[in-house]
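Below you'll find the structure, written out as structure tokens, and then a few comments.
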Amino acid sequence: MNAVACDIRWVDVCAVADIPELGARRVARPAGLPVALFRTRGDRVYALLDRCPHKGGPLSQGIVTAEHVACPLHNWAIALADGRAREPDVGCTPAFRCRVEAGRVLLDADELATLGLDLAAPAAAPCRHR
Amino acid sequence: MKGDRLPAGRQRLVVVGNGMAGMRTVEELLRLAPELYEITVFGAEPHPNYNRILLSSVLAGEQSLDEIVLNPRAWYAQHGIRLHAGTAVTRIDRVRRVVAAADGTAASYDRLLLATGSLPFILPVPGNDLANVICYRDIADTQAMIDAAAKYRHAVVIGGGLLGLEAANGLAKRGMQVTVVHLMPWLMERQLDEAAGRLLQKSLEQRGIRFEIGVQTEALIAGPQRRVAAVRFKDGREIPAELVVMAVGIRPNTGLAEACGLHCQRGVVVNDTMQTVTDPRVYAVGECAAHRGVAYGLVAPLFEQAKVCATHLAQFGIGRYTGSQVSTKLKVTGIELFSAGQFMGGEGAEEIVLSDPVGGVYKKLVLKDDRLVGAVLYGDTADGSWYFKLLRQGRPVADIRDKLMFGERSLGDAGHQGVSRAAAMAEAEEVCGCNGVTKGAICRAIKSKGLFTLEDVRRHTKASASCGSCTGLVEQLLLATVGGDYSAAPKTKAMCGCTDHGHQAVRDAIRANRWLTIDEVFRGMDWRTPNGCSSCRPAVNYYLISTWPKQAQDDPQSRFINERSHANIQKDGTYSVVPRIWGGETSAAELRRIADVVDKYKIPTVKITGGQRIDMLGVRKEDLPAVWKDLGMPSGHAYAKALRTVKTCVGSEWCRFGTQDSTQMGKDLERALWRMYAPHKVKLAVSGCPRNCAESGIKDVGVIGVDSGWEIYVGGNGGIKTEVAQFLCKVKTPEEVLEYCGAFLQLYRLEGWYLERTCHYLARVGLDHVKQKIVDDAAGRRALWEQLQFALDGEPDPWFEFDKARVDLRQFAPLTPAVDAAAAAAAARAVGQEQGA
């Protein structure tokens with residue numbers, strides 16, 4: 001990843017302090033589902049597609065622990081670092097490159113524009129309103 | 001490798017004994033501290049760790065040897081464990097800290113774990129060394145029995161205990177003519193009373209097994225090639241026997257420990273940390289260990305010991321083993337038998353007996369001081385795990401005594417009927433309705449993955465992991481699939497995987513140490529995870545704010561999303577909003593505002609709730625603050641573990657039958673109690689007459705107006721398991737209704753465990769306890785009511801007082817970084833083309 005680091009166009013998304021500790025924020029995108037930013041106790045920041053691999057729950061609304069976020073719908077534990085569901089559950093949500101520099105959170109512009117666009121939000125009834 | 005030196009830093013753990021207790025300890029240790037030790041394991045048998053309990057299934061031809069392996073060799077390799085299988089240790093040098101085996105293999109240790117198990121007891125009779133005289137302990141014995149069954153006709157099993165009967169059943173299934181010789185007056189006399197023992201004998205006789213009861217063996221008679229040919233009894237009779245299985249008992253295997261000077265007395269003597277009392281570097285677990293004078297021979301206690309031992313090996317220094325209650329189940333297919341506790345009664349004990357010898361059902365419950373202390377079940381063991389639970393909890397049973405014999409189902413369970421259907425269910429039938437898990441899927445997972453505990457089953461299958469109403473059923477399946485030994489969960493259930501402490505211990509420590517923050521609790525109680533998990537953080541947060549109101553600060557990030565965003569999350573990530581409608585009575589102005597909000601925010605669904613309110617579903621998170629503002633109504637807390645609604649009927653104001661003004665009473669209760677967080681949601685109802693139109697009988701607190709005053713009921717539930725509320729007391733005035741209801745709810749707030757509804761809380765502490773605190777103790781009741789008023793005084797409405805309620809407004813608006821829109825569109829198009837191609 002270091003080799004291509006210079007090619008990455010980083011986008012400044014917010015300050016680390018804009019994300020609550022052991023909490024999350026959503027980043028809206030021009031297309032596709034939002035990206036969820038997570039901040040741990042040690043001010044590490046992770047970015048995942050805001051969609052649980054199980055039934056599409058918004059991970060940004062979950063309880064954040066040291067290494068996982070618990071999906072608010074069915075309590076699957078999703079690893080912050082790589083988006084994988086904790087065993088024995090199976091599934092993975094796309095993870096986004098994320099950097100913290102001088103207290104600012106940076107995301108990869110290309111990934112923001114392209115990653116996970118094929119994944120849709122889950123739907124709820126009644127369908128006549130959609 | 002004698003005297004080899006390992007790199008400094010990593011300590012060396014040597015385990016003597018490659019069985020269930022030893023390896024369970026290693027598994028627990030690896031989970032806690034995977035890198036701490038270089039681990040070496042010695043096992044006398046040439047096999048990896050297998051499930052000894054299932055040997056009887058192997059003998060009966062129901063499972064193969066491969067199927068009962070718990071840790072295959074690859075597991076040892078994967079965890080860097082050096083395994084010496086088939087290498088019996090012969091010497092321990094505690095001064096130089098080396099163990100040595102007969103073949104010269106040796107290993108040095110910093111910590112030593114003895115898990116040498118037990119040895120079968122050999123009858124001191126002539127001929128006990130003949131060929132084809134064996135014990136029943138390990139794979140080699142089992143294989144010898146299987147081989148013998150193929151060649152010979154007559155088998156004699158000496159000993160009519162658990163093991164002997166399982167051996168007899170297995171051999172009979174393999175076609176042998178089996179006679180069981182038992183010295184005592186009835187079978188399994190250590191687990192069964194005489195009546196149950198006789199029933200058991202009868203049904204085994206129907207399977208073709210013969211019995212010699214009260215008969216003593218004098219000698220085993222040799223035939224050709226010094227093979228056994230017959231058994232002679234003290235009364236002179238002889239019966240033919242080409243195979244003799246001795247199953248007359250076991251004794252702890254302590255030879256090695258004694259030889260190296262460890263104190264042994266009916267086992268290697270250990271303390272509550274599973275360390276030997278002689279040498280703190282040496283631990284002992286399992287059947288070889290004697291804890292408080294008891295050496296356990298069942299697997300559940302061994303696992304509890306393993307867990308405690310592992311925390312000490314991992315240098316956490318927490319966890320004490322204080323002994324186990326055990327239960328027994330015979331693993332003979334088609335025979336239902338369960339026994340636990342002091343089933344023989346004794347001084348001061350009372351017995352409740354149900355006996356149907358023709359139908360083959362016998363049940364005996366033994367009570368002492370209003371508590372269940374023992375149970376024997378024969379023919380119908382469906383309620384075994386329930387009785388065992390009551391026995392372990394030691395809960396008073398006066399209130400359910402008349403129904404006790406008829407099982408958990410008799411206690412007004414109109415819901416899932418959790419406990420007693422397991423055996424009768426078909427493989428394809430659904431056990432867990434929440435996650436769609438069938439009986440077959442659960443049983444397969446238990447067998448193929450070697451699951452032992454409810455927690456294991458939840459993790460691997462999701463069964464019982466959501467609403468929990470099928471927990472009893474899953475416990476039954478565990479019991480039926482892997483034998484009754486497993487039914488015994490630890491006495492105190494850990495709060496979650498982050499700690500070994502139970503809810504009560506955490507509550508008590510918070511009060512005793514005056515802890516005010518989650519971090520203090522995690523540090524003070526040696527939490528295993530730095531920031532807890534999604535189940536312990538909300539619980540600890542609740543315990544802090546309920547124990548220290550106005551002092552401990554709420555942590556929104558430790559609350560479930562609904563209590564952070566003050567609305568209910570829906571399956572598509574939108575929210576539902578339920579404003580408070582006091583006592584279910586509304587007005588044209590309120591309804592008009594609700595209608596306007598529905599139009600303005602294009603809310604797709606509007607629904608009347610069961611709690612006499614209006615639910616707006618499908619609100620976008622971004623719109624929540626504006627929706628609240630436009631509604632101009634207080635939060636209904638429909639999203640919180642808190643006071644939900646007070647349902648009322650119209651009462652004496654309008655109703656021709658009404659005796660009291662139930663609507664006003666409901667409104668007063670709701671105004672006094674709203675914003676009250678609790679261990680779980682709390683629902684109230686007030687009816688104006690005994691017709692009870694507000695359904696007070698299935699509410700946490702139900703009030704029913706009668707001509708002379710108000711009746712108060714507590715602990716009802718209309719959810720997963722319908723539970724009828726219990727009568728608490730009758731009072732005269734509305735002021736008393738407020739005081740009694742408030743005091744009861746404050747007691748529940750202080751004593752209830754997180755996510756425990758009032759009905760479960762009542763089942764745990766007993767109605768008598770509550771009556772004593774609320775009805776009998778007037779000063780205590782007033783104090784509780786005042787405490788609650790103090791806690792609720794000035795509590796904010798989270799829909800309007802954001803700062804005070806610590807509502808983080810940033811959550812409602814997403815971040816919108818300035819992305820180069822043109823570049824983004826181009827990139828997206830490129831991806832689209834790729835996918836199209």
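Identifiers in this document derive from the order of the structure tokens: chains are assigned A, B, ..., residues are numbered from 1 separately in each chain, and ligands are numbered from 1 in order of occurrence.
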**OP:** May I ask you to extract the residues of chain A within 9 Å of chain B, using only C-alpha atoms, and to give them as a ChimeraX atom specification?
**Re:** /A:11-14,18-31,34,41,55-58,61-66,68-70,72-75,77,87-89,109-110,112-115,117,121-126,128-130
Kindly save the residues from that selection, with C-alpha atoms included, as a PDB file, in the first residue's frame.
```pdb
ATOM      1  CA  VAL A  11     -10.105  13.960   0.957  1.00  0.00           C
ATOM      2  CA  ASP A  12     -10.336  15.789   4.253  1.00  0.00           C
ATOM      3  CA  VAL A  13     -13.570  14.578   5.841  1.00  0.00           C
ATOM      4  CA  CYS A  14     -13.578  15.986   9.359  1.00  0.00           C
ATOM      5  CA  ASP A  18     -15.819  15.526  15.286  1.00  0.00           C
ATOM      6  CA  ILE A  19     -16.328  11.798  15.920  1.00  0.00           C
ATOM      7  CA  PRO A  20     -17.369  10.875  19.469  1.00  0.00           C
ATOM      8  CA  GLU A  21     -14.912   8.636  21.285  1.00  0.00           C
ATOM      9  CA  LEU A  22     -16.106   5.006  21.015  1.00  0.00           C
ATOM     10  CA  GLY A  23     -18.658   6.393  18.570  1.00  0.00           C
ATOM     11  CA  ALA A  24     -19.235   6.957  14.885  1.00  0.00           C
ATOM     12  CA  ARG A  25     -20.214   9.469  12.171  1.00  0.00           C
ATOM     13  CA  ARG A  26     -21.698   8.994   8.733  1.00  0.00           C
ATOM     14  CA  VAL A  27     -20.082  10.422   5.613  1.00  0.00           C
ATOM     15  CA  ALA A  28     -22.519  11.075   2.771  1.00  0.00           C
ATOM     16  CA  ARG A  29     -21.339  10.316  -0.759  1.00  0.00           C
ATOM     17  CA  PRO A  30     -22.518  11.628  -4.122  1.00  0.00           C
ATOM     18  CA  ALA A  31     -23.500   8.071  -5.025  1.00  0.00           C
ATOM     19  CA  PRO A  34     -22.719   6.450   3.294  1.00  0.00           C
ATOM     20  CA  ARG A  41     -10.335   5.014  22.650  1.00  0.00           C
ATOM     21  CA  LYS A  55     -29.174  -7.611   6.772  1.00  0.00           C
ATOM     22  CA  GLY A  56     -27.804  -4.233   5.816  1.00  0.00           C
ATOM     23  CA  GLY A  57     -28.066  -2.520   9.211  1.00  0.00           C
ATOM     24  CA  PRO A  58     -26.402   0.919   9.516  1.00  0.00           C
ATOM     25  CA  GLN A  61     -25.481   3.427  14.708  1.00  0.00           C
ATOM     26  CA  GLY A  62     -23.850   0.518  16.586  1.00  0.00           C
ATOM     27  CA  ILE A  63     -21.993   0.328  19.875  1.00  0.00           C
ATOM     28  CA  VAL A  64     -18.237   0.664  19.261  1.00  0.00           C
ATOM     29  CA  THR A  65     -15.768  -1.438  21.259  1.00  0.00           C
ATOM     30  CA  ALA A  66     -11.991  -1.747  21.055  1.00  0.00           C
ATOM     31  CA  HIS A  68     -15.537  -4.162  16.675  1.00  0.00           C
ATOM     32  CA  VAL A  69     -18.813  -2.414  16.103  1.00  0.00           C
ATOM     33  CA  ALA A  70     -22.021  -4.195  17.108  1.00  0.00           C
ATOM     34  CA  PRO A  72     -27.766  -2.182  15.811  1.00  0.00           C
ATOM     35  CA  LEU A  73     -30.148  -4.592  14.085  1.00  0.00           C
ATOM     36  CA  HIS A  74     -28.986  -8.063  15.176  1.00  0.00           C
ATOM     37  CA  ASN A  75     -25.822  -7.449  17.165  1.00  0.00           C
ATOM     38  CA  ALA A  77     -19.828  -7.921  15.638  1.00  0.00           C
ATOM     39  CA  GLU A  87     -16.992 -15.931  13.821  1.00  0.00           C
ATOM     40  CA  PRO A  88     -19.082 -17.956  13.685  1.00  0.00           C
ATOM     41  CA  ASP A  89     -20.982 -15.372  11.601  1.00  0.00           C
ATOM     42  CA  ALA A 109     -11.309  10.085  -2.999  1.00  0.00           C
ATOM     43  CA  ASP A 110     -11.385   7.261  -5.533  1.00  0.00           C
ATOM     44  CA  LEU A 112     -15.327   7.280  -1.892  1.00  0.00           C
ATOM     45  CA  ALA A 113     -16.437   7.600  -5.490  1.00  0.00           C
ATOM     46  CA  THR A 114     -16.335   3.939  -6.439  1.00  0.00           C
ATOM     47  CA  LEU A 115     -16.295   1.461  -3.563  1.00  0.00           C
ATOM     48  CA  LEU A 117     -21.715   1.328  -5.150  1.00  0.00           C
ATOM     49  CA  ALA A 121     -29.821  -0.071   1.568  1.00  0.00           C
ATOM     50  CA  PRO A 122     -32.317  -2.553   2.985  1.00  0.00           C
ATOM     51  CA  ALA A 123     -35.998  -1.774   2.383  1.00  0.00           C
ATOM     52  CA  ALA A 124     -38.934  -1.693   4.752  1.00  0.00           C
ATOM     53  CA  ALA A 125     -42.667  -1.897   4.066  1.00  0.00           C
ATOM     54  CA  PRO A 126     -44.996  -0.481   2.941  1.00  0.00           C
ATOM     55  CA  ARG A 128     -46.273   1.793  -2.057  1.00  0.00           C
ATOM     56  CA  HIS A 129     -44.380   4.730  -0.534  1.00  0.00           C
ATOM     57  CA  ARG A 130     -41.098   3.908  -2.264  1.00  0.00           C
TER      58      ARG A 130
END
```
**OP:** Show which residues sit within 9 Å of Pro126 of chain B, as a ChimeraX atom specification. Count only C-alpha atoms, and ignore same-chain residues fewer than 4 positions away.
**Re:** /B:218-221
Subject >> Selected residue of minimal separation from Ala79 of chain A among A:Ile8, A:Val100, A:Val35, A:Leu48, counting only C-alpha atoms >> reply: A:Leu48
**OP:** Within chain A, find each residue whose DSSP state, derived from the backbone, is strand (DSSP E), and express the selection as a PyMOL selection string.
**Re:** chain A and resi 10-15+23-27+35-39+45-49+63-64+68-70+77-79+95-96+98-101+104-108
Write a file of the selected residues as a CSV table (one decimal), in the first residue's frame, keeping C-alpha atoms.
```csv
chain,number,residue,atom,x,y,z
A,10,TRP,CA,-6.9,12.1,0.1
A,11,VAL,CA,-10.1,14.0,1.0
A,12,ASP,CA,-10.3,15.8,4.3
A,13,VAL,CA,-13.6,14.6,5.8
A,14,CYS,CA,-13.6,16.0,9.4
A,15,ALA,CA,-11.5,16.4,12.5
A,23,GLY,CA,-18.7,6.4,18.6
A,24,ALA,CA,-19.2,7.0,14.9
A,25,ARG,CA,-20.2,9.5,12.2
A,26,ARG,CA,-21.7,9.0,8.7
A,27,VAL,CA,-20.1,10.4,5.6
A,35,VAL,CA,-19.4,5.5,4.8
A,36,ALA,CA,-19.3,5.0,8.6
A,37,LEU,CA,-16.3,6.5,10.5
A,38,PHE,CA,-15.4,4.9,13.8
A,39,ARG,CA,-13.2,6.4,16.5
A,45,VAL,CA,-10.2,6.0,13.1
A,46,TYR,CA,-11.6,3.3,10.8
A,47,ALA,CA,-14.0,3.6,7.8
A,48,LEU,CA,-16.4,0.9,6.7
A,49,LEU,CA,-19.4,1.0,4.3
A,63,ILE,CA,-22.0,0.3,19.9
A,64,VAL,CA,-18.2,0.7,19.3
A,68,HIS,CA,-15.5,-4.2,16.7
A,69,VAL,CA,-18.8,-2.4,16.1
A,70,ALA,CA,-22.0,-4.2,17.1
A,77,ALA,CA,-19.8,-7.9,15.6
A,78,ILE,CA,-18.0,-6.4,12.7
A,79,ALA,CA,-14.3,-5.9,12.8
A,95,ALA,CA,-13.5,-1.2,4.3
A,96,PHE,CA,-12.2,2.2,3.2
A,98,CYS,CA,-8.4,6.0,6.2
A,99,ARG,CA,-5.7,8.2,7.5
A,100,VAL,CA,-5.3,10.5,10.4
A,101,GLU,CA,-3.0,13.5,9.9
A,104,ARG,CA,-7.8,15.5,10.5
A,105,VAL,CA,-9.5,12.4,9.1
A,106,LEU,CA,-8.7,11.7,5.4
A,107,LEU,CA,-10.4,9.2,3.1
A,108,ASP,CA,-9.4,8.1,-0.4
```
Subject >> alpha helix (DSSP H) call set, DSSP backbone run, segment 635-815 of chain B, as a ChimeraX atom specification >> reply: /B:662-673,734-751,758-765,767-771,778-792
Close residues, Lys699 of chain B itself excluded, 7 Å, only C-alpha atoms, min 2 positions apart in chain, as a PDB file with N, CA and C atoms, in the first residue's frame:
```
ATOM      1  N   LYS B 683     -44.112  -1.267  31.779  1.00  0.00           N
ATOM      2  CA  LYS B 683     -45.444  -0.883  31.304  1.00  0.00           C
ATOM      3  C   LYS B 683     -46.445  -0.963  32.447  1.00  0.00           C
ATOM      4  N   LEU B 684     -47.306   0.054  32.519  1.00  0.00           N
ATOM      5  CA  LEU B 684     -48.304   0.101  33.580  1.00  0.00           C
ATOM      6  C   LEU B 684     -49.700   0.114  32.971  1.00  0.00           C
ATOM      7  N   ALA B 685     -50.672  -0.195  33.779  1.00  0.00           N
ATOM      8  CA  ALA B 685     -52.063  -0.050  33.348  1.00  0.00           C
ATOM      9  C   ALA B 685     -52.926   0.232  34.560  1.00  0.00           C
ATOM     10  N   SER B 696     -54.716  -4.824  33.172  1.00  0.00           N
ATOM     11  CA  SER B 696     -53.729  -4.645  34.247  1.00  0.00           C
ATOM     12  C   SER B 696     -53.063  -5.952  34.657  1.00  0.00           C
ATOM     13  N   GLY B 697     -53.673  -7.091  34.310  1.00  0.00           N
ATOM     14  CA  GLY B 697     -53.136  -8.392  34.743  1.00  0.00           C
ATOM     15  C   GLY B 697     -51.886  -8.825  34.027  1.00  0.00           C
ATOM     16  N   VAL B 701     -46.688  -3.238  36.349  1.00  0.00           N
ATOM     17  CA  VAL B 701     -47.485  -2.818  37.497  1.00  0.00           C
ATOM     18  C   VAL B 701     -48.899  -2.594  36.978  1.00  0.00           C
ATOM     19  N   GLY B 702     -49.850  -3.310  37.542  1.00  0.00           N
ATOM     20  CA  GLY B 702     -51.241  -3.162  37.123  1.00  0.00           C
ATOM     21  C   GLY B 702     -52.087  -2.719  38.305  1.00  0.00           C
ATOM     22  N   GLY B 715     -45.473  -7.611  38.283  1.00  0.00           N
ATOM     23  CA  GLY B 715     -44.750  -8.700  37.618  1.00  0.00           C
ATOM     24  C   GLY B 715     -45.510  -9.374  36.490  1.00  0.00           C
ATOM     25  N   GLY B 716     -46.486  -8.710  35.907  1.00  0.00           N
ATOM     26  CA  GLY B 716     -47.169  -9.307  34.754  1.00  0.00           C
ATOM     27  C   GLY B 716     -46.398  -9.037  33.478  1.00  0.00           C
ATOM     28  N   ASN B 717     -46.699  -9.809  32.440  1.00  0.00           N
ATOM     29  CA  ASN B 717     -45.972  -9.658  31.183  1.00  0.00           C
ATOM     30  C   ASN B 717     -46.816 -10.215  30.053  1.00  0.00           C
ATOM     31  N   GLY B 718     -46.951  -9.451  28.999  1.00  0.00           N
ATOM     32  CA  GLY B 718     -47.737  -9.920  27.861  1.00  0.00           C
ATOM     33  C   GLY B 718     -46.869 -10.311  26.688  1.00  0.00           C
ATOM     34  N   ALA B 725     -49.832 -11.093  36.354  1.00  0.00           N
ATOM     35  CA  ALA B 725     -49.286 -10.316  37.464  1.00  0.00           C
ATOM     36  C   ALA B 725     -49.764 -10.883  38.801  1.00  0.00           C
TER      37      ALA B 725
END
```
